[in-house]
There are 2 protein chains.
Amino acid sequence: MKSPEVRPRRGSYARGRATKENILRSALDVIGRNGYGATILRDIAVEVGMTQAGLLHHFDTKEKLLAEVLRKRDEVNREILTPSSDLGEPPLIIKLAHHNVEVPGLVQLYVRLQAEAVEPEHPCHEYFLDRDVVIHSRVTRDIERRQKAGLFDPEADAAVVARMLLALSDGLQSQWAIDPTIDLPGTVDALWNKYARPSERPAAENTQPN
Amino acid sequence: MKSPEVRPRRGSYARGRATKENILRSALDVIGRNGYGATILRDIAVEVGMTQAGLLHHFDTKEKLLAEVLRKRDEVNREILTPSSDLGEPPLIIKLAHHNVEVPGLVQLYVRLQAEAVEPEHPCHEYFLDRDVVIHSRVTRDIERRQKAGLFDPEADAAVVARMLLALSDGLQSQWAIDPTIDLPGTVDALWNKYARPSERPAAENTQPN
DNA sequence: GTCTATACTCTGATAGAC
DNA sequence: GTCTATCAGAGTATAGAC
């Protein structure tokens with residue numbers, strides 16, 4: 001339940017940050033456990049050991065709070081989201097796909113907020129725009145490095161393939177959240193392997209038809 | 001505004017159907033014009049020339065109504081969604097991608113309801129499950145025919161590639177609804193062309209990086 | 001900073017007349 | 001089948017005490 005964190009002295013800037021951190025982590029916990037649709041502000045508040053009004057003191061609105069939850073999730077996942085310089089490591093997008101099936105509640109969170117972020121005023125709109133720029137360029141650069149190393153189809157337009165991988169990942173998450181029999185990681189692997197060039201290291205696992 | 005339809009005699013079964021048709025078409029019109037988020041039941045009712053309570057006489061709840069709207073859309077699109085037996089024609093999924101950018105409001109409708117359909121009790125849940133089975137098998141069979149005709153990578157697992165195309169299409173719609181600078185049709189084309197085998201007919205248009 | 005208490009707002013759902 | 005009127009409900013947002 002409530003995490004027994006060290007609390008800096010009251011009124012301090014650090015204390016405010018620490019509280020926000022607690023809230024965001026608790027939100028990830030509850031939503032991860034119960035799913036997006038089943039979670040209301042009060043549930044998160046209870047998890048933190050606070051009231052709903054208390055939450056909104058730190059984040060003015062629910063939507064802003066949720067946008068921060070998404071950012072926090074990326075921070076938690078930074079190990080996955082930061083491309084390794086070791087070309088023997090699987091690329092970001094593959095690691096992410098394999099991770100996502102472990103956290104269905106958070107996939108729900110992502111899918112549902114991405115859909116709501118269609119409205120330009122929604123606080124998550126900006127989040128998704130920002131994130132796309134970052135991730136797309138990381139994946140593109142990773143592909144380019146592999147091309148130079150002879151590990152990836154040299155004819156491919158890295159930016160276009162990166163877009164394909166990101167969109168495939170998003171679409172599979174939506175579909176998998178509705179029908180978990182869909183092979184999310186296997187399908188991302190399959191696309192990657194279509195472009196990957198053989199080497200002693202097997203790029204990713206196999207794929208089951210569906 | 002209201003479509004001047006022939007009205008079968010009152011009380012008849014045909015009349016009830018005709019009214020429903022009007023409602024569904026009006027819903028597609030309004031949502032197509034104003035987007036999903038900006039549309040409430042009353043707006044649709046006004047378009048039909050009816051009240052909100054009138055609508056709900058025919059469809060018990062808003063969610064059920066919207067599930068029918070999606071089905072109606074597929075019916076309207078049946079020309080696109082039915083694979084041609086002419087292998088010179090672009091495949092379903094390519095035609096669909098090129099069509100979608102013409103109807104942003106309906107892409108919003110699709111994206112947002114797909115996200116809400118994550119909840120198993122949501123009436124759209126079943127719609128998306130059903131549709132996926134149908135479309136996935138159509139695309140798979142289309143690919144298999146092209147493989148036999150030597151127009152498509154014979155090594156590819158048709159079912160897996162079909163899954164890739166469907167998920168790519170969904171993901172691109174989500175992303176494009178947030179950032180319209182993303183090249184939705186071009187990216188689907190790019191994936192298709194990765195598997196297509198050259199012939200006298202150019203399979204699809206070009207692609208701009210993004 | 002956090003709580004209690006309450007207001008609000010939106011919109012979908014319902015009851016009952018015609 | 002359609003309308004008018006009214007409600008219900010579900011959370012979110014806010015005011016103000018501590």
# chains A, B, ... in the order shown; residues from 1 in each chain; ligands from 1
$ interface_residues --of "chain A" --to "chain C" --cutoff "10 Å" --atoms "only C-alpha atoms (C1' of nucleotides)" --output "list in words"
Arg10, Gly11, Gly16, Thr19, Met50, Thr51, Gln52, Ala53, Gly54, Leu55, His57 and His58 of chain A
$ residues_around --residues "range 59-63 of chain A" --least-positions-apart "6" --cutoff "8 Å" --atoms "only C-alpha atoms (C1' of nucleotides)" --output "list in words"
Leu41, His122, Pro123 and Cys124 of chain A; DT12 and DA13 of chain D
$ write_last_selection --atoms "C-alpha atoms (C1' of nucleotides)" --output "short mmCIF file (atom, residue, chain, number, x, y, z; two decimals), in the first residue's frame"
data_model
loop_
_atom_site.label_atom_id
_atom_site.label_comp_id
_atom_site.auth_asym_id
_atom_site.auth_seq_id
_atom_site.Cartn_x
_atom_site.Cartn_y
_atom_site.Cartn_z
CA LEU A 41 -9.03 9.25 -8.58
CA HIS A 122 -6.04 17.05 -23.88
CA PRO A 123 -2.87 17.18 -21.75
CA CYS A 124 -1.80 13.82 -23.15
"C1'" DT D 12 -14.32 15.68 -10.91
"C1'" DA D 13 -13.48 20.19 -9.22
#
$ atom_distance --atom1 "CA of Val111 in chain B" --atom2 "CA of Glu47 in chain B"
23.1 Å
$ select_by_dssp --residues "range 29-209 of chain B" --states "alpha helix (DSSP H)" --output "short mmCIF file (atom, residue, chain, number, x, y, z; two decimals) with C-alpha atoms, in the first residue's frame"
data_model
loop_
_atom_site.label_atom_id
_atom_site.label_comp_id
_atom_site.auth_asym_id
_atom_site.auth_seq_id
_atom_site.Cartn_x
_atom_site.Cartn_y
_atom_site.Cartn_z
CA ASP B 29 -22.42 12.34 -41.07
CA VAL B 30 -22.23 14.28 -37.82
CA ILE B 31 -19.27 12.41 -36.41
CA GLY B 32 -17.51 12.64 -39.77
CA ARG B 33 -18.00 16.40 -39.70
CA ASN B 34 -17.46 17.21 -36.04
CA LEU B 41 -26.53 12.01 -28.73
CA ARG B 42 -28.53 15.17 -29.10
CA ASP B 43 -26.44 16.30 -32.06
CA ILE B 44 -27.21 13.10 -33.88
CA ALA B 45 -30.87 13.38 -32.96
CA VAL B 46 -31.05 16.90 -34.38
CA GLU B 47 -29.46 15.73 -37.61
CA VAL B 48 -32.13 13.06 -37.98
CA GLN B 52 -32.39 12.25 -28.00
CA ALA B 53 -35.07 10.16 -26.32
CA GLY B 54 -36.31 9.21 -29.76
CA LEU B 55 -32.94 7.74 -30.68
CA LEU B 56 -32.77 5.63 -27.57
CA HIS B 57 -36.12 4.11 -28.40
CA HIS B 58 -34.36 2.34 -31.28
CA LYS B 62 -25.43 5.13 -26.57
CA GLU B 63 -22.79 2.44 -26.66
CA LYS B 64 -25.00 0.04 -28.57
CA LEU B 65 -25.86 2.77 -31.01
CA LEU B 66 -22.19 3.46 -31.64
CA ALA B 67 -21.43 -0.20 -32.19
CA GLU B 68 -24.10 -0.20 -34.89
CA VAL B 69 -22.59 2.93 -36.37
CA LEU B 70 -19.31 1.07 -36.81
CA ARG B 71 -21.10 -1.80 -38.50
CA LYS B 72 -22.90 0.60 -40.78
CA ARG B 73 -19.61 2.15 -41.72
CA ASP B 74 -18.25 -1.20 -42.78
CA GLU B 75 -21.37 -1.71 -44.84
CA VAL B 76 -20.90 1.65 -46.51
CA ARG B 78 -18.08 -2.81 -48.43
CA GLU B 79 -16.63 -1.98 -51.81
CA ILE B 80 -13.29 -1.27 -50.18
CA LEU B 81 -13.53 -4.12 -47.70
CA LEU B 92 -8.14 -4.23 -49.27
CA ILE B 93 -5.76 -2.92 -46.66
CA ILE B 94 -4.09 -0.53 -49.07
CA LYS B 95 -7.37 0.84 -50.37
CA LEU B 96 -8.57 1.28 -46.82
CA ALA B 97 -5.51 3.24 -45.77
CA HIS B 98 -5.86 5.58 -48.71
CA HIS B 99 -9.53 6.04 -47.97
CA ASN B 100 -9.09 6.71 -44.27
CA PRO B 104 -10.57 12.04 -40.22
CA GLY B 105 -13.72 12.21 -38.11
CA LEU B 106 -14.43 8.56 -38.75
CA VAL B 107 -10.87 7.58 -38.00
CA GLN B 108 -11.38 9.30 -34.64
CA LEU B 109 -14.55 7.30 -34.13
CA TYR B 110 -12.73 4.07 -34.84
CA VAL B 111 -9.71 4.84 -32.70
CA ARG B 112 -11.68 5.98 -29.70
CA LEU B 113 -14.18 3.17 -29.72
CA GLN B 114 -11.46 0.61 -30.22
CA ALA B 115 -9.82 1.92 -27.07
CA GLU B 116 -13.07 1.82 -25.11
CA PRO B 123 -20.86 -3.44 -26.95
CA CYS B 124 -18.02 -2.53 -29.30
CA HIS B 125 -15.85 -5.28 -27.83
CA GLU B 126 -17.74 -7.90 -29.80
CA TYR B 127 -17.73 -5.75 -32.91
CA PHE B 128 -13.96 -5.51 -32.92
CA LEU B 129 -13.52 -9.21 -32.27
CA ASP B 130 -15.88 -10.12 -35.10
CA ARG B 131 -14.42 -7.65 -37.52
CA ASP B 132 -10.91 -8.77 -36.85
CA VAL B 133 -11.74 -12.37 -37.69
CA VAL B 134 -13.36 -11.37 -40.96
CA ILE B 135 -10.79 -8.88 -42.13
CA HIS B 136 -7.83 -10.92 -41.01
CA SER B 137 -8.99 -13.94 -42.96
CA ARG B 138 -9.75 -11.86 -46.03
CA VAL B 139 -6.33 -10.29 -46.03
CA THR B 140 -4.68 -13.64 -45.38
CA ARG B 141 -6.46 -15.28 -48.30
CA ASP B 142 -5.70 -12.36 -50.57
CA ILE B 143 -2.02 -12.71 -49.74
CA GLU B 144 -2.11 -16.45 -50.36
CA ARG B 145 -3.64 -15.95 -53.80
CA ARG B 146 -0.94 -13.49 -54.66
CA GLN B 147 1.71 -15.87 -53.44
CA LYS B 148 0.37 -18.55 -55.78
CA ALA B 158 0.39 -15.05 -44.89
CA ALA B 159 -1.44 -14.99 -41.56
CA VAL B 160 1.44 -13.25 -39.83
CA VAL B 161 1.84 -10.67 -42.57
CA ALA B 162 -1.90 -10.06 -42.50
CA ARG B 163 -1.69 -9.45 -38.76
CA MET B 164 1.17 -7.04 -39.36
CA LEU B 165 -0.83 -5.10 -41.93
CA LEU B 166 -3.95 -4.88 -39.76
CA ALA B 167 -2.03 -3.79 -36.69
CA LEU B 168 0.05 -1.34 -38.68
CA SER B 169 -3.13 0.15 -40.06
CA ASP B 170 -4.65 0.53 -36.59
CA GLY B 171 -1.52 1.99 -35.09
CA LEU B 172 -1.08 4.46 -37.89
CA GLN B 173 -4.64 5.61 -37.48
CA SER B 174 -4.05 6.31 -33.79
CA GLN B 175 -0.84 8.17 -34.49
CA TRP B 176 -2.21 10.06 -37.47
CA ALA B 177 -5.24 11.18 -35.47
CA ILE B 178 -2.82 12.85 -33.07
CA LEU B 184 -0.54 6.91 -43.07
CA PRO B 185 -1.07 5.50 -46.55
CA GLY B 186 2.60 5.72 -47.50
CA THR B 187 3.65 3.64 -44.53
CA VAL B 188 1.15 0.89 -45.27
CA ASP B 189 2.30 0.91 -48.87
CA ALA B 190 5.89 0.59 -47.71
CA LEU B 191 5.18 -2.53 -45.72
CA TRP B 192 3.16 -4.07 -48.51
CA ASN B 193 5.87 -3.36 -51.04
CA LYS B 194 8.44 -5.02 -48.84
CA TYR B 195 6.64 -8.29 -49.51
#
$ closest_residue --among "A:Ser199, A:Gly37, A:Glu155, A:Glu102" --to "chain B" --atoms "only C-alpha atoms"
A:Gly37
$ atom_distance --atom1 "CA of Arg25 in chain B" --atom2 "CA of Tyr13 in chain B"
18.6 Å
$ closest_residue --among "A:Ala14, A:Leu28, A:Ile40, A:Ala156" --to "chain B" --atoms "only C-alpha atoms"
A:Ala156
$ atom_distance --atom1 "CA of Lys20 in chain A" --atom2 "CA of Glu119 in chain B"
29.0 Å
$ closest_atom_pairs --of "chain D" --to "chain B" --cutoff "9 Å" --atoms "only C-alpha atoms (C1' of nucleotides)" --output "tab-separated table"
residue	atom	partner	partner_atom	distance
D:DG1	C1'	B:Gly54	CA	7.7
D:DT2	C1'	B:Gly54	CA	5.7
D:DC3	C1'	B:Thr51	CA	7.4
